[in-house]
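Report on the following structure.
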Amino acid sequence: MTPMIEIRGVHKLFGHLHVLKGIDLTVQRGEVAVLLGPSGSGKSTLLRCINELEEISAGRVFVDGELVGLHEVAKGNRTVLHRRRDEDIARQRSRIGMVFQRFNLFPHLTALQNVMEAPRQVRKVPKDKARKRAEELLGRVGLADRADHYPAQLSGGQQQRVAIARALAMDPELMLFDEPTSALDPELVGEVLNVMKDLASDGMTMVVVTHEIGFAREVADQVVFMDDGVIVERGTPAGVIDNPQEPRTKDFFAKVL
Amino acid sequence: MDVPELIHARPVPRPSRWIWAGIVTLLVLTLAHSLVTNPEYRWDVVGQYLFDPRILAGAQWTLLLTVGAMALGIVLAVTSAIMRMGTNPILRGVAWTYIWFFRGTPIYTQLVFWGLISVLYPRLVLGIPYGPTFWTISTQDVANAAVLAILGLGLNEGAYLSEIVRAGLNSVDKGQWEAATALGMSRGKTLRRIIIPQAMRVIVPPTGNETISMLKTTSLVLAVPFTYELTFVASAVGNQKFLPVPLLIVAAIYYLVITSVLMVGQHFLEAHYGRGFDGADSPTGKSRAMSKRQQAILNAGTAKAGPYLDVTP
């Protein structure tokens with residue numbers, strides 16, 4: 001079976017800044033991959049390359065066997081790369097849910113409207129159906145009673161749970177989490193992690209950038225340790241976190257644990 | 001609960017407060033007294049001409065010019081602001097030049113210029129440049145003074161509003177674009193559904209000011225020359241009767257009434273577009289739809305949530 005994500009030799013340059021230096025990573029269906037590493041190691045950039053929020057400079061990213069952002073056209077005996085059209089990239093993105101560090105809820109819409117917006121606008125789902133589904137999803141993240149609140153009236157943890165519901169409303173086959181708990185007060189982290197654990201146990205394929213080592217240990221199938229734009233070490237949580245082989249990995253976990 | 005004895009301390013005496021209040025009251029009373037007693041104001045004439053049909057028609061024309069010019073201005077402003085924020089260098093350059101030219105020359109000069117347009121371009125031609133023409137019309141047939149006045153005012157206004165619109169669009173956090181994009185929304189849809197509704201919060205207050213300013217700028221269309229608007233009509237009637245002062249007071253009353261109505265409308269628009277931005281926990285209003293710098297300024301609590309309130313004189 002094709003893996004959900006296949007990343008081959010990906011490089012990313014911002015001008016002269018070489019942020020990703022040859023990344024290879026495979027995430028199977030239903031797998032939870034957690035990216036760990038110091039700030040500036042390229043974890044978030046890698047995540048953003050998966051749904052084309054960043055264009056990669058070299059390499060290939062496949063999601064569900066389909067090349068992201070680009071497509072190959074056979075020309076004689078060689079293949080030429082073309083950029084995908086905007087609407088084609090939008091279609092690819094709509095199958096990938098993303099949750100941001102700063103939530104990025106739409107502040108002028110209520111929690112319910114936030115969740116309904118993309119299905120209504122992108123998928124043209126009828127209003128009643130979208131509303132029913134949104135109520136269901138808000139219930140799933142434990143916020144059925146907050147449907148009519150605006151984001152500014154919700155706590156950080158509640159906002160992030162609405163953001164997760166908003167991403168789930170597009171029925172994604174893959175969820176990306178970019179430091180979902182880093183902007184939260186410590187006592188609110190647990191409620192968001194619990195929703196994520198539920199998702200993982202329901203079999204959602206997830207890639208999570210986080211500093212929550214406990215979450216990685218409990219939920220991850222694959223832990224990837226990155227530093228300075230390369231994957232230094234990867235494996236099971238027990239292997240990478242508790243019994244690291246590489247000096248840089250040992251050094252990092254010695255400091256954070 | 002036991003309440004202890006409350007403090008009823010006497011305030012520090014500030015005699016200067018009373019002195020200033022006294023002086024200002026005296027000045028105001030003097031002015032009010034002169035308004036009532038100075039016979040040159042001719043309040044009887046003001047009353048007599050307040051509902052004069054010529055004056056009423058002038059007020060209507062002034063309103064029409066204001067609405068027409070603002071409508072044209074808003075369309076031009078949104079278009080040029082989006083052009084300037086886009087990636088096409090030609091469109092960016094054209095939008096920049098438009099703003100540069102129309103903000104850089106006096107509105108009066110522009111209006112005189114529009115009045116002379118039929119001298120410059122006697123015929124309007126529809127066709128392919130340097131190629132065949134399909135349709136021609138004499139400029140004077142389509143461009144009467146009212147059209148030229150609205151065109152002149154609207155083009156000038158568009159340049160000013162463009163900067164306001166751009167500031168509004170830029171004030172929306174980059175994360176909003178990313179969130180909408182990640183959900184698979186197209187650029188146009190993101191702009192319409194997510195960015196513009198949030199930008200309106202920043203755009204509406206200065207646009208209200210611009211509308212009020214436009215109401216009074218319409219008195220310059222004499223330059224076109226357009227002669228049916230309120231100020232020209234009032235002073236013409238006044239000069240005819242050798243009573244310019246009471247007629248100007250009549251005009252001023254209409255400007256004040258219309259401005260007051262516009263201010264009420266602006267208040268409701270601001271309330272509408274401010275929804276979702278005032279959290280229950282923060283009466284001053286906070287939002288994520290701002291740059292980090294704006295947010296920091298706002299969080300510091302030294303400035304109000306509505307920026308750009310005083311962009312126009």
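We name chains A, B, ... following the order of the structure tokens; residues begin at 1 in each chain, and ligands are numbered from 1 as shown.
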
Chain A residues near chain B within 8 Å, closest pair each, using only C-alpha atoms, as JSON lines:
{"residue": "A:Asn51", "atom": "CA", "partner": "B:Ala182", "partner_atom": "CA", "distance": 7.1}
{"residue": "A:Leu53", "atom": "CA", "partner": "B:Ala182", "partner_atom": "CA", "distance": 7.3}
{"residue": "A:Asp86", "atom": "CA", "partner": "B:Ser186", "partner_atom": "CA", "distance": 7.6}
{"residue": "A:Glu87", "atom": "CA", "partner": "B:Ser186", "partner_atom": "CA", "distance": 7.0}
{"residue": "A:Ile89", "atom": "CA", "partner": "B:Gly184", "partner_atom": "CA", "distance": 7.8}
{"residue": "A:Ala90", "atom": "CA", "partner": "B:Gly184", "partner_atom": "CA", "distance": 4.3}
{"residue": "A:Arg91", "atom": "CA", "partner": "B:Gly184", "partner_atom": "CA", "distance": 6.0}
{"residue": "A:Gln92", "atom": "CA", "partner": "B:Gly184", "partner_atom": "CA", "distance": 7.5}
{"residue": "A:Arg93", "atom": "CA", "partner": "B:Gly184", "partner_atom": "CA", "distance": 5.2}
{"residue": "A:Ser94", "atom": "CA", "partner": "B:Gly184", "partner_atom": "CA", "distance": 4.3}
{"residue": "A:Ile96", "atom": "CA", "partner": "B:Ala182", "partner_atom": "CA", "distance": 7.6}
{"residue": "A:Gly97", "atom": "CA", "partner": "B:Leu183", "partner_atom": "CA", "distance": 6.9}
{"residue": "A:Met98", "atom": "CA", "partner": "B:Ala182", "partner_atom": "CA", "distance": 6.5}
{"residue": "A:Phe100", "atom": "CA", "partner": "B:Ala179", "partner_atom": "CA", "distance": 7.9}
{"residue": "A:Arg102", "atom": "CA", "partner": "B:Gly175", "partner_atom": "CA", "distance": 7.9}
{"residue": "A:Asn104", "atom": "CA", "partner": "B:Gly175", "partner_atom": "CA", "distance": 5.6}
{"residue": "A:Leu105", "atom": "CA", "partner": "B:Gln176", "partner_atom": "CA", "distance": 7.4}
{"residue": "A:Phe106", "atom": "CA", "partner": "B:Gln176", "partner_atom": "CA", "distance": 6.8}
{"residue": "A:Pro107", "atom": "CA", "partner": "B:Gly276", "partner_atom": "CA", "distance": 5.6}
{"residue": "A:His108", "atom": "CA", "partner": "B:Gly276", "partner_atom": "CA", "distance": 4.8}
{"residue": "A:Leu109", "atom": "CA", "partner": "B:Gly276", "partner_atom": "CA", "distance": 6.7}
{"residue": "A:Thr110", "atom": "CA", "partner": "B:Gly276", "partner_atom": "CA", "distance": 7.5}
{"residue": "A:Ala118", "atom": "CA", "partner": "B:Leu183", "partner_atom": "CA", "distance": 6.3}
{"residue": "A:Gln121", "atom": "CA", "partner": "B:Met185", "partner_atom": "CA", "distance": 7.3}
{"residue": "A:Val122", "atom": "CA", "partner": "B:Met185", "partner_atom": "CA", "distance": 6.0}
{"residue": "A:Tyr150", "atom": "CA", "partner": "B:Gly276", "partner_atom": "CA", "distance": 5.2}
{"residue": "A:Pro151", "atom": "CA", "partner": "B:Gly276", "partner_atom": "CA", "distance": 7.1}
{"residue": "A:Ala152", "atom": "CA", "partner": "B:Gly279", "partner_atom": "CA", "distance": 4.6}
{"residue": "A:Gln153", "atom": "CA", "partner": "B:Gly279", "partner_atom": "CA", "distance": 4.8}
{"residue": "A:Ala167", "atom": "CA", "partner": "B:Leu183", "partner_atom": "CA", "distance": 7.0}
{"residue": "A:Met170", "atom": "CA", "partner": "B:Leu183", "partner_atom": "CA", "distance": 7.5}

Expected answer as number ranges by chain: strand (DSSP E or B) residues in range 8-208 of chain B: B: 123-127, 133-138

Selection near Val223 in chain A, 9 Å with only C-alpha atoms, sequence-local residues under 2 positions removed, as a PyMOL selection string: chain A and resi 32-36+216-217+220-221+225+233-237+239-241

Would you output that residue set with C-alpha atoms, as a JSON list (two decimals), in the first residue's frame?
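Output (selection.json):
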[["chain", "number", "residue", "atom", "x", "y", "z"],
["A", 32, "VAL", "CA", 1.60, 9.16, 14.30],
["A", 33, "ALA", "CA", 4.97, 10.75, 13.60],
["A", 34, "VAL", "CA", 6.32, 13.27, 16.11],
["A", 35, "LEU", "CA", 9.03, 15.70, 15.04],
["A", 36, "LEU", "CA", 11.28, 16.79, 17.90],
["A", 216, "ALA", "CA", 5.58, 11.81, 21.95],
["A", 217, "ARG", "CA", 6.39, 8.93, 24.29],
["A", 220, "ALA", "CA", 4.05, 8.40, 18.67],
["A", 221, "ASP", "CA", 4.66, 5.40, 16.43],
["A", 225, "PHE", "CA", 14.74, 14.04, 15.89],
["A", 233, "GLU", "CA", 17.83, 10.06, 14.44],
["A", 234, "ARG", "CA", 14.53, 8.29, 14.06],
["A", 235, "GLY", "CA", 12.76, 5.31, 15.54],
["A", 236, "THR", "CA", 10.36, 4.31, 18.27],
["A", 237, "PRO", "CA", 9.84, 6.66, 21.24],
["A", 239, "GLY", "CA", 14.59, 4.12, 21.14],
["A", 240, "VAL", "CA", 15.01, 7.81, 20.30],
["A", 241, "ILE", "CA", 13.89, 9.46, 23.53]]

Who sits within 8 Å of Glu229 in chain B, only C-alpha atoms, same chain under 4 positions skipped, as a VMD selection string: chain B and resid 57 to 62 218 to 219 233

Selected residues, C-alpha atoms, written as a tab-separated table (two decimals), in the first residue's frame, please.
chain	number	residue	atom	x	y	z
B	57	ALA	CA	-32.33	70.71	-4.80
B	58	GLY	CA	-28.79	71.86	-4.03
B	59	ALA	CA	-28.67	69.64	-0.93
B	60	GLN	CA	-29.87	66.71	-3.02
B	61	TRP	CA	-27.20	67.29	-5.63
B	62	THR	CA	-24.55	67.53	-2.91
B	218	THR	CA	-18.24	68.63	-3.28
B	219	SER	CA	-18.42	72.42	-2.88
B	233	VAL	CA	-26.68	77.63	-5.02

Separation of CA of Gly229 in chain A from CA of Val19 in chain A in Å: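 Rounded to one decimal, the two atoms are 5.3 Å apart.
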
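One finds CA of Tyr255 in chain B at 7.5 Å from CA of Lys216 in chain B.
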
Those of range 40-254 of chain A in DSSP alpha helix (DSSP H), formatted as a VMD selection string: chain A and resid 43 to 50 86 to 94 111 to 122 127 to 140 156 to 168 186 to 201 213 to 219 237 247 to 254

Among the residues B:Pro89, B:Gly154, B:Pro53, B:Gly238, the one that comes closest to Leu65 in chain B [using only C-alpha atoms]: B:Gly154

Given only C-alpha atoms as the counted atoms, nearest of A:Arg84, A:Arg29, A:Lys197, A:Arg8 to Leu70 in chain A: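 Looking at the shortest contact to Leu70 in chain A, the residue is A:Arg84.
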
Pick from B:Val204, B:Val125, B:Val224, B:Ile55, whichever lies nearest to Asn144 in chain B using only C-alpha atoms: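 Distance minimum relative to Asn144 in chain B lands on B:Val224.
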